[in-house]
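Each remark here refers to the structure printed beneath this line.
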Amino acid sequence: MAIVPAEIAAPIARRHWLREAVRRHPTVAAGGVILVLIAAAAVLAPYLGTTDPIAVSPVKRLRFPSPASWFGTDAYGRDVYSRTLYGARVSLQVGLGVAILSTAVGLAIGLITGFSRIVDALLMRVMDGLMSVPPVLLAIALMALTKASLGNVVLAITLSEVPRVARLVRGVVLSLREQPFVEAAMAAGTPFFRTLWRHILPNTVAPVLVQATYICASAMITEAVLSFIGAGTPPQIPSWGNIMAEGRSYFQIRPYLIIFPGVFLSLTVLAVNLVGDGLRDALDPRLARRM
Amino acid sequence: MLAYIIRRLLATIPVMGVVALFVFSLLYIAPGDPAAVIAGDLATSEDIARIHAKLGLDEPFLFRFGNWLWGVLHGDLGVSIFTNLPVTQLIGQRLEPTAALTIFTLLVSIAFAIPLGVVAAWKVGTWIDRGVMVIAVLGFSLPSFVLAYILILGFSIELDWLPVQGYVSIRDGFLPFIAHLILPSIALGLIYGALIARITRASMLEVLSQDYIRTAQAKGLAQDEVLVRHALRNAAIPIATVIGIGLGLLISGVIVTETVFAIPGIGRLTVDAILRRDYPIIQGVILMFSAAYVLVNLAVDISYTLLDPRVRY
């Protein structure tokens with residue numbers, strides 16, 4: 001009996017693509033939904049029933065969560081709900097900023113070292129050195145010497161992430177260089193930069209994209225850690241790490257000061273990680289998770 | 001073998017050299033005047049000049065670096081800007097709690113993560129495997145200090161089973177020592193354990209699909225014999241590697257964990273130094289932790305021969 005392929009394919013094709021995606025990858029879909037919600041909350045923060053996140057009102061200090069202030073108020077009477085929503089802006093900015101910057105720099109270094117022996121020997125020693133400094137410590141050192149600002153936080157975290165991207169890209173370039181299609185391109189007299197652009201770069205996109213999502217997640221944690229220990233975002237900007245740092249001394253009597261921003265941070269990082277895992281499985285099932 | 005160890009030890013010198021050069025030159029490449037930042041907003045220009053002189057920022061870079069490096073090689077990490085005490089002495093005083101916490105966490109994470117990874121690979125696709133993977137994903141997403149507060153809230157404040165904060169030296173009793181370390185090491189070790197469990201599972205899955213595993217099973221070996229003697233031994237190298245590399249996570253985590261649990265270790269020293277912008281202390285801590293990281297990873301490399309006799313140098 002000959003089976004007409006269309007008869008089998010039809011029911012799947014008729015299904016809505018979105019429902020199909022959710023059914024196949026429920027975790028990735030969940031991560032995507034959480035991310036969209038958090039991003040929306042960050043962008044729309046002023047319109048979501050928030051008050052001024054830095055407005056101090058001593059009369060209302062340390063109030064428990066209530067209909068008036070959903071997440072309670074902190075030691076200065078500031079609304080924790082408003083601060084948490086505005087804090088999402090910092091985390092997303094830092095996550096995206098570090099992911100984009102460190103991928104760009106790491107990609108450039110990786111491409112150069114993959115092609116030049118001398119530069120490779122030199123730059124890779126530097127990268128080895130940087131990689132042997134625990135990432136948070138590297139950022140701490142830079143933050144101790146510069147004025148606290150969002151831009152400096154992004155730079156400090158980027159510095160500790162660049163070597164990992166550079167190593168990854170270098171590995172990909174070194175193995176690509178031996179591939180027949182690259183040899184063929186070179187043998188055919190393709191100009192070097194054209195080879196780089198047309199044959200090497202496209203093949204680094206998949207692993208770098210996956211790596212970038214993990215960097216985004218770890219950068220958000222690092223920012224929170226830095227702010228929590230007083231080496232991160234300046235106190236006048238509400239960030240999840242700052243809110244938690246200020247709630248530290250009240251934790252035993254007002255645990256919500258730490259729990260609300262903590263839950264938001266964990267959920268956001270979880271969402272980015274889930275999307276990253278989904279990307280990894282979709283782009284290259286064998287790509288091992290690199291740290 | 002000995003020649004290999006010596007060669008590898010020598011190879012760590014350039015790496016540590018880069019670290020030293022980097023932490024030192026940060027003083028010069030950091031935007032703005034670090035002396036002004038260190039002195040703070042209320043400082044007078046004399047204060048700034050004093051710190052400038054103390055950090056040696058007035059002298060030529062290479063001269064200053066040479067002097068500093070010479071000191072480091074002789075075990076002199078400089079002097080704290082605020083307390084005027086030698087950095088090595090300050091670090092020495094705080095070493096014990098940090099060492100206790102790190103080593104305890106290391107052992108506990110390995111003791112839990114490797115069996116979990118092995119079982120997950122053995123029962124791949126079942127609910128046990130899914131459970132382990134869920135814990136692993138959560139471990140990467142739950143920042144250690146958030147987890148720390150959740151643990152304190154549950155086990156110390158609500159249930160009152162364990163102390164909220166603090167550190168007790170092992171000399172003052174073994175049980176209180178352990179009791180104070182349990183929550184910090186869970187908070188600190190979750191991400192590390194998650195990493196080890198994930199790699200163990202992946203490495204075991206690869207080995208379990210080999211022909212010799214089927215042979216071992218076919219000749220009637222007990223399941224645990226196959227898993228441990230045949231599979232785990234052959235899956236050991238990636239696991240050892242990640243135990244070494246993951247140490248960076250543990251060191252980064254120690255700083256925050258000590259802050260949450262009020263453990264008077266090097267992490268607290270670092271955080272206090274940040275607040276006072278006492279850069280020589282931060283410099284010293286980075287050098288020490290980086291050296292520890294490099295040496296542990298060297299030990300891991302050398303352990304490959306013990307784990308797998310096929311690896312020869």
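Labels used: A, B, ... for chains in the order of the structure tokens, numbers from 1 for residues in each chain, and numbers from 1 for ligands as shown.
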I'd like the contact shell of Leu107 of chain B - 12 Å cut-off, only C-alpha atoms, skipping same-chain residues fewer than 4 positions apart - returned as a VMD selection string. chain B and resid 100 to 103 111 to 114 185 to 186 189 192 to 193 196 243 247 250
Between chain B and chain A, at 6 Å or less, what are the per-residue closest atom pairs and their distances in Å? Count only C-alpha atoms, order by chain and rising residue number, and return it as CSV.
```
residue,atom,partner,partner_atom,distance
B:Val15,CA,A:Gly129,CA,4.7
B:Val18,CA,A:Gly129,CA,5.2
B:Val19,CA,A:Gly129,CA,5.2
B:Pro34,CA,A:Leu145,CA,5.2
B:Ser141,CA,A:Leu270,CA,4.8
B:Leu142,CA,A:Ser266,CA,5.1
B:Val146,CA,A:Gly262,CA,5.5
B:Gly248,CA,A:Pro134,CA,4.8
B:Ser252,CA,A:Val136,CA,5.3
B:Ile274,CA,A:Ala144,CA,5.7
B:Arg277,CA,A:Ala144,CA,5.5
B:Ser290,CA,A:Val133,CA,5.0
```
Shell around Thr88 of chain B at 9 Å using only C-alpha atoms, local window under 2 positions removed, as a PyMOL selection string: chain B and resi 75-79+85-86+90-93+281+284
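Excluding segment 94-107 of chain A itself and same-chain residues fewer than 6 positions from it, the residues having an atom within 6 Å of it are Val154, Thr158, Val162, Val165, Ala166, Ala212, Ile215, Cys216, Ala219 and Met220 of chain A, counting only C-alpha atoms.
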Restricting the output to C-alpha atoms, write the selected residues as a short mmCIF file (atom, residue, chain, number, x, y, z; two decimals), in the first residue's frame.
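Resulting contents of result.cif:
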```
data_model
loop_
_atom_site.label_atom_id
_atom_site.label_comp_id
_atom_site.auth_asym_id
_atom_site.auth_seq_id
_atom_site.Cartn_x
_atom_site.Cartn_y
_atom_site.Cartn_z
CA VAL A 154 29.16 46.49 32.37
CA THR A 158 32.71 42.19 30.24
CA VAL A 162 35.88 38.06 27.14
CA VAL A 165 34.35 33.81 24.27
CA ALA A 166 37.81 34.26 22.77
CA ALA A 212 26.08 34.82 24.62
CA ILE A 215 26.97 35.11 29.48
CA CYS A 216 23.84 37.23 29.72
CA ALA A 219 26.34 38.74 33.97
CA MET A 220 22.99 39.39 35.64
#
```
When DSSP is applied to the backbone of this structure, which of segment 3-232 of chain A are assigned helix (DSSP H, G or I)? Write them out as a PyMOL selection string. chain A and resi 5-14+17-24+26-43+45-47+58-60+80-115+117-131+135-145+150-177+180-187+192-228
Here is a test: counting only C-alpha atoms, which residue of B:Leu69, B:Arg94, B:Leu190, B:Met204 is nearest to Ala120 of chain B? B:Met204
Under the rule that only C-alpha atoms are counted, which of B:Gly66, B:Lys219, B:Ser156, B:Val294 is the nearest residue to Pro14 of chain B? B:Val294
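Here atom CA of Pro53 of chain A is placed at a distance of 19.7 Å from atom CA of Leu37 of chain A.
The interatomic distance for the pair atom CA of Ala29 of chain A and atom CA of Arg130 of chain B works out to 17.8 Å.
You will find atom CA of Leu298 of chain B at 28.2 Å from atom CA of Asn67 of chain B.
Proximity ranking of A:Pro163, A:Pro202, A:Pro235, A:Pro180 relative to Gly87 of chain A places A:Pro235 first, based on only C-alpha atoms.
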Contacts of Gly77 of chain A at 7 Å or less, counting only C-alpha atoms, minus same-chain residues fewer than 5 places along, as number ranges by chain? A: 56-62
Excluding Ala49 of chain B and its own-chain neighbours fewer than 3 positions away, which residues fall within 12 Å of it when counting only C-alpha atoms? Please give them as a PyMOL selection string. chain B and resi 33-36+38-39+43-46+52-58
Residues just named, written with C-alpha atoms as a PDB file, in the first residue's frame:
```pdb
ATOM      1  CA  ASP B  33      42.515  58.932  39.301  1.00  0.00           C
ATOM      2  CA  PRO B  34      42.339  55.827  41.507  1.00  0.00           C
ATOM      3  CA  ALA B  35      43.859  57.771  44.394  1.00  0.00           C
ATOM      4  CA  ALA B  36      40.929  60.188  44.286  1.00  0.00           C
ATOM      5  CA  ILE B  38      40.147  55.514  47.030  1.00  0.00           C
ATOM      6  CA  ALA B  39      40.263  58.684  49.115  1.00  0.00           C
ATOM      7  CA  ALA B  43      38.977  63.813  50.879  1.00  0.00           C
ATOM      8  CA  THR B  44      41.165  66.870  50.746  1.00  0.00           C
ATOM      9  CA  SER B  45      43.817  67.230  48.067  1.00  0.00           C
ATOM     10  CA  GLU B  46      46.426  66.361  50.717  1.00  0.00           C
ATOM     11  CA  HIS B  52      49.078  58.812  45.558  1.00  0.00           C
ATOM     12  CA  ALA B  53      52.469  58.576  47.232  1.00  0.00           C
ATOM     13  CA  LYS B  54      51.525  55.479  49.205  1.00  0.00           C
ATOM     14  CA  LEU B  55      50.437  53.587  46.101  1.00  0.00           C
ATOM     15  CA  GLY B  56      53.578  54.818  44.391  1.00  0.00           C
ATOM     16  CA  LEU B  57      51.564  56.340  41.575  1.00  0.00           C
ATOM     17  CA  ASP B  58      54.117  59.144  41.250  1.00  0.00           C
TER      18      ASP B  58
END
```
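Near Leu195 of chain B, within 8 Å and counting only C-alpha atoms, sit Ala136, Phe140, Val242 and Gly246 of chain B, not including residues fewer than 5 positions from it in the same chain.
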